Protein chains: 2
Amino acid sequence: MVVEASCCGDIFLTTGTGRLVRIKGKDELCGFCILQIDEEVAKLLELKARLGGDDGKHQFVLKTAKGTRDYNPKQMAIREKVFNTIISCFKRHGAETIDTPVFELKETLTGKYGEDSKLIYDLKDQGGELLSLRYDLTVPFARYLAMNKITNIKRYHIAKVYRRDNPAMTRGRYREFYQCDFDIAGQYDAMIPDAECLKIVYEILSQLDLGDFRIKVNDRRILDGMFAVCGVPDDKFRTICSTVDKLDKMPWEDVKKEMVNEKGLSEEAADQIGEYVSMQGGMDLAERLLQDQKMSQSKQACAGLSDIKLLFSYLQLFQVTDKVVFDLSLARGLDYYTGIIYEAVLSQAGVAPVSTEAQNGPPGEESVSVGSVAGGGRYDGLVGMFDPKGRKVPCVGVSIGIERIFSIMEQKAEASAEKVRTTEVQVMVASAQKNLLEERLKLVTELWNAGIKAEVMYKKNPKLLSQLQHCEESGIPLVAILGEQELKDGVVKLRVVATREEVDICRADLIEEVRRRTSDAS
Amino acid sequence: MVVEASCCGDIFLTTGTGRLVRIKGKDELCGFCILQIDEEVAKLLELKARLGGDDGKHQFVLKTAKGTRDYNPKQMAIREKVFNTIISCFKRHGAETIDTPVFELKETLTGKYGEDSKLIYDLKDQGGELLSLRYDLTVPFARYLAMNKITNIKRYHIAKVYRRDNPAMTRGRYREFYQCDFDIAGQYDAMIPDAECLKIVYEILSQLDLGDFRIKVNDRRILDGMFAVCGVPDDKFRTICSTVDKLDKMPWEDVKKEMVNEKGLSEEAADQIGEYVSMQGGMDLAERLLQDQKMSQSKQACAGLSDIKLLFSYLQLFQVTDKVVFDLSLARGLDYYTGIIYEAVLSQAGVAPVSTEAQNGPPGEESVSVGSVAGGGRYDGLVGMFDPKGRKVPCVGVSIGIERIFSIMEQKAEASAEKVRTTEVQVMVASAQKNLLEERLKLVTELWNAGIKAEVMYKKNPKLLSQLQHCEESGIPLVAILGEQELKDGVVKLRVVATREEVDICRADLIEEVRRRTSDAS
């Protein structure tokens with residue numbers, strides 16, 4: 001294996017072992033030439049190492065791709081539990097589900113994520129279409145609606161998305177991660193679907209038992225109106241908005257400094273904004289701001305404030321106002337929001353803070369506040385971007401920050417004494433003596449055929465102790481023990497693993513007994 | 001928007017509208033130069049079309065990538081039903097589940113799929129590691145075991161895999177499709193886990209109600225032994241094996257012709273093989289072949305035949321022998337099988353034949369027989385390929401041909417009069433008169449809080465007829481109707497959509513009544 005290097009009129013060959021052999025030319029090499037040859041040699045040596053030296057064995061780097069991970073059975077058990085809670089809630093609210101491919105035409109994603117487009121994974125051009133891995137579920141959803149001319153749907157979609165971000169995996173940030181989206185598309189009366197999205201967040205966070213939480217609510221139109229009446233120039237709305245978005249991580253003084261020093265806002269305007277963004281409340285605050293001399297000058301702000309009032313009246317009927325706060329500092333980075341926006345934050349102190357990635361949506365979204373576990377809003381323009389005639393389909397949706405929730409649940413599981421079960425086996429069929437494999441297989445067949453979750457060890461003559469140990473380790477609650485005496489008597493010895501209590505059960509009653517004793521098991 | 005072209009000492013600028021402007025140089029262009037400019041112009045015009053001409057609208061190609069599809073809610077409902085049946089079975093047998101990333105390091109997949117490696121999707125080199133989309137779930141599973149030094153696990157994995165194949169989507173072949181794998185890894189007594197895999201196939205196919213089926217069983221060692229005693233030269237085992245694999249699609253005469261004419265086998269050897277591969281039976285056949293003068297000369301074949309006998313004895317205890325056939329013509333293409341192999345085929349005539357892709361496994365696997373819906377076998381060497389020290393972990397597994405099953409279920413659903421429901425809503429909260437939105441929201445909150453799946457229309461004053469129509473369309477069985485009279489009386493009018501029967505229910509009893517009437521609903 002040789003590589004040719006030529007420079008300064010010389011030609012060199014590097015052999016597979018890295019030795020340089022000069023074929024032709026003068027005696028000295030220039031520095032650049034040496035560098036190049038060194039690189040080639042290093043590459044060849046690496047290649048050689050991979051192909052295996054003299055032993056002929058293939059050498060693999062045993063790892064997953066950067067920023068990705070396997071889920072082991074324990075993590076999957078936690079993941080399944082969280083998904084079940086969330087999906088039950090979506091279904092309770094009458095949602096359908098759809099699925100889209102993991103990759104889209106590259107051009108479908110183009111121009112949707114602003115600066116973050118550089119984080120999109122492209123597929124190699126192997127002939128045919130240019131493809132990219134999906135960056136979120138919202139753009140594929142909008143593409144799906146436009147492509148199928150769907151104007152009404154309430155759907156959820158739980159799937160993995162891909163971002164070539166700098167992973168911080170210890171803090172729950174990955175390049176492959178789940179999104180968990182619920183959206184209502186369609187032309188409806190104001191704030192009814194919006195309120196249902198908040199009801200859903202409330203139900204899910206309550207049921208997951210993550211501790212206390214708050215749902216902050218604001219409206220894009222209120223923010224824009226506020227900027228206008230405070231004297232922010234039109235072309236600075238977006239950049240000032242993204243500074244406001246930092247209020248959950250920075251004190252007001254620093255935010256103000258950024259506005260004035262970096263973004264060139266007048267100090268007066270900044271102070272006026274400062275007054276507004278410190279306001280929090282409920283329907284009363286919306287009413288008060290509708291009377292506010294300055295704010296009431298903006299039509300946009302008034303439309304937003306009236307909708308907030310309406311929203312709160314529906315939230316009262318939904319019995320969720322105890323956790324919802326109208327918070328004028330909530331900005332959210334996404335460009336595509338057009339109305340109501342919201343974000344749920346955990347207020348618990350028991351769990352270590354995890355800085356979550358911007359998993360709720362695409363363009364330019366800054367990493368959300370420490371305890372943020374859900375977010376969303378109204379985006380009435382996105383589907384129109386895909387429609388050849390620009391027909392709009394109003395949408396409102398919420399994304400559950402599922403990876404953040406996994407991390408919390410995993411931490412809780414670690415901290416708790418209770419073991420996470422990775423199987424649902426109700427009973428282990430065991431034998432007390434040798435030569436009972438056939439009897440064990442017969443009995444486990446009876447159980448399987450009756451729909452009981454059962455296991456048997458794949459050994460001809462396993463020791464009773466090792467069979468019991470397996471139950472302890474995997475949390476199997478019952479053992480059905482067969483021995484010669486039991487077979488003679490037509491019974492099975494049923495052992496409760498936790499208490500070590502043993503009782504003879506008539507063989508005909510075994511299935512009923514196992515069902516009765518494990519009826520509360522999942 | 002301009003592009004610069006220079007040739008023959010000239011410099012040209014092409015404007016966005018395609019006009020050429022010569023900046024400097026002589027009057028004539030060479031042919032090559034014109035060609036180049038034409039290409040640039042074409043590119044620019046295409047770009048312009050996409051960016052939108054004068055109307056400023058973006059033009060997108062509204063489609064999914066070649067060989068992929070969206071799943072609509074109806075397809076998802078069918079998919080969920082199939083998955084539930086399969087997962088229940090896996091769980092009944094005590095399986096855990098894992099998940100791996102959708103892409104792997106390219107080198108993890110290298111050298112595992114033989115010729116089919118060309119079908120692997122690579123990711124673009126955007127800096128960092130070279131990555132590929134997974135081609136199946138078996139190789140990532142083996143990587144997972146080796147990486148985590150796991151020597152014992154019973155796991156299932158249901159996930160999408162990717163193959164740059166020529167899609168035949170009308171026949172259920174896609175570039176993105178699900179695999180559904182169950183595998184038992186570990187050093188156990190012979191044939192016990194192997195028999196459980198067959199029991200699982202039996203249970204799943206029975207429960208999915210796909211019509212009658214057979215499970216063909218053979219063993220790699222029997223095939224190899226048979227080839228040896230029939231006089232096939234060692235170096236032709238594999239190619240002759242792949243010809244035998246065609247017996248389910250070609251008559252013996254054609255298979256023989258291929259062996260003799262194309263693969264250069266002696267006619268005598270081919271005839272001897274022909275005799276064996278026509279044999280089908282059960283344990284009796286294995287016993288007979290163990291006495292067979294020729295076959296018994298091969299140690300390998302005898303080991304395989306003894307295991308087939310043992311397997312059948314366990315299958316009897318599992319009560320599944322009525323569908324299992326020992327079939328010497330079953331070859332299966334995969335190189336990595338080392339022992340038992342099996343394949344399940346549907347024998348129904350009611351469903352149009354769908355040619356499935358080789359979804360059960362990787363290298364060189366020919367497309368399996370018309371009705372094949374599951375397949376697998378023992379592969380004791382694969383994990384060792386990943387272990388730095390070559391430590392082996394014996395494995396046996398089965399892959400359910402889930403896409404094929406989806407297609408059949410979809411066809412059945414189309415053919416059947418019964419409508420596929422895409423939501424599980426039990427009751428719609430409707431109003432008979434205007435101005436009852438608040439009352440509807442209050443009632444639906446009561447229902448949601450009690451865990452009832454309920455819906456309400458997002459309109460202030462929907463017509464009763466349109467509310468009832470929505471129920472008919474989405475198969476919602478009950479309507480809880482509120483009117484002024486009902487509110488006064490403290491009742492709700494509960495309407496059964498199917499029969500149009502209406503009955504007044506005391507408001508306090510509504511939840512119980514809805515539960516009672518929909519208890520058999522999913």
# chains A, B, ... in the order shown; residues from 1 in each chain; ligands from 1
>>> closest_atom_pairs(of="chain B", to="chain A", cutoff="7 Å", atoms="only C-alpha atoms", output="CSV")
residue,atom,partner,partner_atom,distance
B:Gln59,CA,A:Pro388,CA,6.4
B:Phe60,CA,A:Phe386,CA,6.5
B:Leu62,CA,A:Met147,CA,5.6
B:Lys63,CA,A:Met147,CA,6.9
B:Thr64,CA,A:Glu104,CA,6.1
B:Ala65,CA,A:Leu105,CA,5.7
B:Thr68,CA,A:Pro101,CA,6.3
B:Arg69,CA,A:Pro101,CA,6.4
B:Asp70,CA,A:Thr100,CA,4.4
B:Tyr71,CA,A:Asp99,CA,5.0
B:Asn72,CA,A:Ile98,CA,5.2
B:Pro73,CA,A:Ile98,CA,5.2
B:Met76,CA,A:Ile98,CA,6.2
B:Lys91,CA,A:Glu424,CA,6.5
B:Arg92,CA,A:Lys453,CA,3.9
B:His93,CA,A:Ala454,CA,6.0
B:Gly94,CA,A:Val425,CA,5.4
B:Ala95,CA,A:Thr423,CA,6.2
B:Glu96,CA,A:Thr423,CA,5.4
B:Thr97,CA,A:Pro73,CA,5.4
B:Ile98,CA,A:Asn72,CA,5.2
B:Asp99,CA,A:Tyr71,CA,5.0
B:Thr100,CA,A:Asp70,CA,4.5
B:Pro101,CA,A:Thr68,CA,6.3
B:Glu104,CA,A:Ala65,CA,5.7
B:Leu105,CA,A:Ala65,CA,5.7
B:Thr108,CA,A:Phe60,CA,6.9
B:Asp122,CA,A:Lys124,CA,5.5
B:Leu123,CA,A:Leu123,CA,4.1
B:Lys124,CA,A:Lys124,CA,3.9
B:Met147,CA,A:Leu62,CA,5.7
B:Tyr188,CA,A:Tyr458,CA,5.7
B:Asp189,CA,A:Lys459,CA,5.2
B:Ile192,CA,A:Tyr458,CA,5.6
B:Pro193,CA,A:Tyr458,CA,6.4
B:Leu317,CA,A:Lys442,CA,5.4
B:Phe318,CA,A:Thr445,CA,5.5
B:Phe386,CA,A:Phe60,CA,6.6
B:Pro388,CA,A:Gln59,CA,6.6
B:Thr422,CA,A:Glu96,CA,5.7
B:Thr423,CA,A:Glu96,CA,5.4
B:Glu424,CA,A:Lys91,CA,6.5
B:Val425,CA,A:Gly94,CA,5.4
B:Leu441,CA,A:Leu317,CA,6.2
B:Lys442,CA,A:Leu317,CA,5.4
B:Thr445,CA,A:Phe318,CA,5.5
B:Trp448,CA,A:Arg92,CA,6.8
B:Ile452,CA,A:Arg92,CA,6.4
B:Lys453,CA,A:Arg92,CA,3.9
B:Ala454,CA,A:His93,CA,6.0
B:Glu455,CA,A:Gly94,CA,6.0
B:Tyr458,CA,A:Ile192,CA,5.7
B:Lys459,CA,A:Asp189,CA,5.2
B:Lys460,CA,A:Asp189,CA,6.5
>>> select_by_dssp(residues="region 298-418 of chain B", states="helix (DSSP H, G or I)", output="number ranges by chain")
B: 299-317, 321-323, 382-386, 402-415
>>> write_last_selection(atoms="N, CA and C atoms", output="short mmCIF file (atom, residue, chain, number, x, y, z; two decimals), in the first residue's frame")
data_model
loop_
_atom_site.label_atom_id
_atom_site.label_comp_id
_atom_site.auth_asym_id
_atom_site.auth_seq_id
_atom_site.Cartn_x
_atom_site.Cartn_y
_atom_site.Cartn_z
N LYS B 299 -21.80 -35.30 9.78
CA LYS B 299 -21.94 -34.98 11.21
C LYS B 299 -22.80 -33.75 11.40
N GLN B 300 -22.53 -32.74 10.53
CA GLN B 300 -23.28 -31.49 10.58
C GLN B 300 -24.77 -31.73 10.43
N ALA B 301 -25.13 -32.48 9.39
CA ALA B 301 -26.53 -32.76 9.13
C ALA B 301 -27.16 -33.47 10.33
N CYS B 302 -26.43 -34.43 10.90
CA CYS B 302 -26.97 -35.18 12.05
C CYS B 302 -27.22 -34.26 13.24
N ALA B 303 -26.28 -33.33 13.47
CA ALA B 303 -26.47 -32.38 14.57
C ALA B 303 -27.73 -31.56 14.32
N GLY B 304 -27.90 -31.10 13.08
CA GLY B 304 -29.08 -30.33 12.74
C GLY B 304 -30.36 -31.13 12.89
N LEU B 305 -30.32 -32.38 12.43
CA LEU B 305 -31.51 -33.22 12.48
C LEU B 305 -31.89 -33.54 13.92
N SER B 306 -30.89 -33.79 14.78
CA SER B 306 -31.19 -34.05 16.19
C SER B 306 -31.85 -32.83 16.81
N ASP B 307 -31.35 -31.64 16.45
CA ASP B 307 -31.94 -30.43 16.99
C ASP B 307 -33.37 -30.22 16.48
N ILE B 308 -33.61 -30.56 15.22
CA ILE B 308 -34.98 -30.46 14.70
C ILE B 308 -35.91 -31.37 15.51
N LYS B 309 -35.43 -32.57 15.81
CA LYS B 309 -36.24 -33.49 16.63
C LYS B 309 -36.56 -32.87 17.98
N LEU B 310 -35.50 -32.34 18.61
CA LEU B 310 -35.66 -31.71 19.93
C LEU B 310 -36.63 -30.53 19.83
N LEU B 311 -36.45 -29.73 18.77
CA LEU B 311 -37.32 -28.58 18.55
C LEU B 311 -38.78 -29.02 18.50
N PHE B 312 -39.05 -30.06 17.70
CA PHE B 312 -40.43 -30.51 17.57
C PHE B 312 -41.00 -31.01 18.89
N SER B 313 -40.15 -31.61 19.72
CA SER B 313 -40.67 -32.08 21.01
C SER B 313 -41.10 -30.88 21.86
N TYR B 314 -40.37 -29.78 21.78
CA TYR B 314 -40.78 -28.59 22.52
C TYR B 314 -42.01 -27.93 21.88
N LEU B 315 -42.06 -27.95 20.55
CA LEU B 315 -43.20 -27.36 19.85
C LEU B 315 -44.50 -28.09 20.20
N GLN B 316 -44.36 -29.41 20.43
CA GLN B 316 -45.53 -30.17 20.86
C GLN B 316 -46.04 -29.67 22.20
N LEU B 317 -45.11 -29.45 23.13
CA LEU B 317 -45.49 -28.94 24.45
C LEU B 317 -46.09 -27.54 24.32
N THR B 321 -47.54 -27.49 16.81
CA THR B 321 -47.06 -28.33 15.70
C THR B 321 -48.03 -28.39 14.53
N ASP B 322 -49.29 -28.04 14.75
CA ASP B 322 -50.25 -28.10 13.63
C ASP B 322 -49.89 -27.16 12.48
N LYS B 323 -49.06 -26.14 12.75
CA LYS B 323 -48.73 -25.19 11.68
C LYS B 323 -47.26 -25.27 11.26
N LEU B 382 -22.70 -13.22 14.91
CA LEU B 382 -22.75 -11.79 14.56
C LEU B 382 -22.19 -10.87 15.65
N VAL B 383 -22.58 -11.11 16.90
CA VAL B 383 -22.13 -10.23 17.98
C VAL B 383 -20.61 -10.27 18.09
N GLY B 384 -20.04 -11.45 17.89
CA GLY B 384 -18.60 -11.61 17.95
C GLY B 384 -17.85 -10.74 16.95
N MET B 385 -18.51 -10.41 15.82
CA MET B 385 -17.88 -9.53 14.83
C MET B 385 -17.62 -8.14 15.41
N PHE B 386 -18.39 -7.75 16.43
CA PHE B 386 -18.22 -6.44 17.03
C PHE B 386 -17.34 -6.44 18.26
N ILE B 402 -43.92 -6.62 9.13
CA ILE B 402 -45.01 -5.76 9.57
C ILE B 402 -45.62 -4.94 8.42
N GLU B 403 -44.82 -4.53 7.45
CA GLU B 403 -45.35 -3.72 6.34
C GLU B 403 -46.31 -4.56 5.50
N ARG B 404 -45.94 -5.80 5.31
CA ARG B 404 -46.80 -6.74 4.59
C ARG B 404 -48.12 -6.91 5.33
N ILE B 405 -48.03 -7.01 6.67
CA ILE B 405 -49.23 -7.17 7.48
C ILE B 405 -50.10 -5.91 7.43
N PHE B 406 -49.45 -4.73 7.49
CA PHE B 406 -50.21 -3.48 7.33
C PHE B 406 -51.02 -3.49 6.03
N SER B 407 -50.32 -3.86 4.95
CA SER B 407 -51.00 -3.85 3.64
C SER B 407 -52.23 -4.74 3.67
N ILE B 408 -52.07 -5.94 4.24
CA ILE B 408 -53.19 -6.87 4.29
C ILE B 408 -54.33 -6.28 5.14
N MET B 409 -53.97 -5.70 6.30
CA MET B 409 -54.98 -5.14 7.18
C MET B 409 -55.69 -3.95 6.51
N GLU B 410 -54.91 -3.16 5.77
CA GLU B 410 -55.52 -2.03 5.05
C GLU B 410 -56.50 -2.52 4.00
N GLN B 411 -56.08 -3.55 3.26
CA GLN B 411 -56.98 -4.12 2.24
C GLN B 411 -58.24 -4.66 2.89
N LYS B 412 -58.08 -5.33 4.03
CA LYS B 412 -59.24 -5.87 4.73
C LYS B 412 -60.17 -4.75 5.18
N ALA B 413 -59.57 -3.66 5.68
CA ALA B 413 -60.37 -2.54 6.16
C ALA B 413 -61.14 -1.90 5.01
N GLU B 414 -60.45 -1.78 3.84
CA GLU B 414 -61.10 -1.22 2.65
C GLU B 414 -62.30 -2.07 2.26
N ALA B 415 -62.07 -3.39 2.27
CA ALA B 415 -63.08 -4.32 1.81
C ALA B 415 -64.26 -4.40 2.77
#
>>> closest_atom_pairs(of="region 250-302 of chain A", to="region 208-220 of chain A", cutoff="12 Å", atoms="only C-alpha atoms", output="Markdown table")
| residue | atom | partner | partner_atom | distance |
| --- | --- | --- | --- | --- |
| A:Val277 | CA | A:Asn218 | CA | 10.6 |
| A:Met279 | CA | A:Asn218 | CA | 11.1 |
| A:Gln280 | CA | A:Lys216 | CA | 9.1 |
| A:Gly281 | CA | A:Lys216 | CA | 9.8 |
| A:Gly282 | CA | A:Val217 | CA | 9.4 |
| A:Met283 | CA | A:Val217 | CA | 11.1 |
| A:Leu285 | CA | A:Asn218 | CA | 11.6 |
| A:Ala286 | CA | A:Asn218 | CA | 10.2 |
| A:Gln300 | CA | A:Arg220 | CA | 9.1 |
| A:Ala301 | CA | A:Asp219 | CA | 8.5 |
| A:Cys302 | CA | A:Asp219 | CA | 10.6 |
>>> atom_distance(atom1="CA of Val325 (chain B)", atom2="CA of Gly397 (chain B)")
18.2 Å
>>> select_by_dssp(residues="region 71-105 of chain A", states="strand (DSSP E or B)", output="ChimeraX atom specification")
/A:71,96-97,99,103-105
>>> write_last_selection(atoms="all heavy atoms", output="CSV table (one decimal), in the first residue's frame")
chain,number,residue,atom,x,y,z
A,71,TYR,N,-31.2,3.7,24.1
A,71,TYR,CA,-32.1,3.6,25.3
A,71,TYR,C,-32.0,2.2,25.8
A,71,TYR,O,-32.4,1.3,25.0
A,71,TYR,CB,-33.5,3.9,24.9
A,71,TYR,CG,-33.9,5.4,24.7
A,71,TYR,CD1,-33.6,6.0,23.5
A,71,TYR,CD2,-34.5,6.1,25.7
A,71,TYR,CE1,-33.9,7.3,23.3
A,71,TYR,CE2,-34.8,7.5,25.5
A,71,TYR,CZ,-34.5,8.1,24.3
A,71,TYR,OH,-34.8,9.4,24.1
A,96,GLU,N,-56.3,12.7,16.7
A,96,GLU,CA,-55.9,11.6,15.8
A,96,GLU,C,-54.3,11.7,15.8
A,96,GLU,O,-53.8,12.6,16.3
A,96,GLU,CB,-56.3,11.8,14.3
A,96,GLU,CG,-57.8,12.1,14.2
A,96,GLU,CD,-58.2,12.4,12.8
A,96,GLU,OE1,-57.8,13.4,12.2
A,96,GLU,OE2,-59.0,11.6,12.2
A,97,THR,N,-53.7,10.7,15.2
A,97,THR,CA,-52.2,10.8,15.0
A,97,THR,C,-51.8,10.6,13.6
A,97,THR,O,-52.5,9.9,12.8
A,97,THR,CB,-51.5,9.9,16.0
A,97,THR,OG1,-50.1,10.2,15.9
A,97,THR,CG2,-51.7,8.4,15.7
A,99,ASP,N,-48.1,10.2,10.9
A,99,ASP,CA,-46.6,10.0,10.9
A,99,ASP,C,-46.1,10.5,9.6
A,99,ASP,O,-46.8,10.4,8.5
A,99,ASP,CB,-46.2,8.6,11.2
A,99,ASP,CG,-44.7,8.5,11.6
A,99,ASP,OD1,-44.1,9.5,11.9
A,99,ASP,OD2,-44.2,7.4,11.6
A,103,PHE,N,-37.0,11.8,6.8
A,103,PHE,CA,-36.4,12.8,5.9
A,103,PHE,C,-37.4,13.4,5.0
A,103,PHE,O,-38.4,12.8,4.6
A,103,PHE,CB,-35.1,12.3,5.2
A,103,PHE,CG,-35.3,10.9,4.5
A,103,PHE,CD1,-36.1,10.8,3.4
A,103,PHE,CD2,-34.6,9.8,5.0
A,103,PHE,CE1,-36.2,9.5,2.8
A,103,PHE,CE2,-34.7,8.6,4.4
A,103,PHE,CZ,-35.5,8.5,3.2
A,104,GLU,N,-37.1,14.7,4.6
A,104,GLU,CA,-37.9,15.4,3.7
A,104,GLU,C,-37.1,15.9,2.5
A,104,GLU,O,-35.8,15.9,2.6
A,104,GLU,CB,-38.5,16.7,4.4
A,104,GLU,CG,-39.4,16.4,5.6
A,104,GLU,CD,-40.9,16.2,5.1
A,104,GLU,OE1,-41.2,16.5,4.0
A,104,GLU,OE2,-41.7,15.6,5.9
A,105,LEU,N,-37.7,16.3,1.5
A,105,LEU,CA,-36.9,17.0,0.4
A,105,LEU,C,-36.2,18.2,1.1
A,105,LEU,O,-36.8,18.9,1.9
A,105,LEU,CB,-37.8,17.5,-0.7
A,105,LEU,CG,-38.6,16.5,-1.5
A,105,LEU,CD1,-39.3,17.1,-2.7
A,105,LEU,CD2,-37.7,15.4,-2.0
>>> atom_distance(atom1="CA of Leu289 (chain B)", atom2="CA of Tyr276 (chain B)")
9.5 Å
>>> residues_around(residues="Ala498 (chain B)", least_positions_apart="3", cutoff="10 Å", atoms="only C-alpha atoms", output="list in words")
Cys471, Glu472, Gly475, Ile476, Pro477, Leu478, Arg495 and Glu501 of chain B
>>> atom_distance(atom1="CA of Val373 (chain B)", atom2="CA of Phe83 (chain B)")
14.4 Å
>>> closest_residue(among="B:Asn435, B:Ser347, B:Gln293, B:Thr338", to="Asp380 (chain B)", atoms="only C-alpha atoms")
B:Thr338
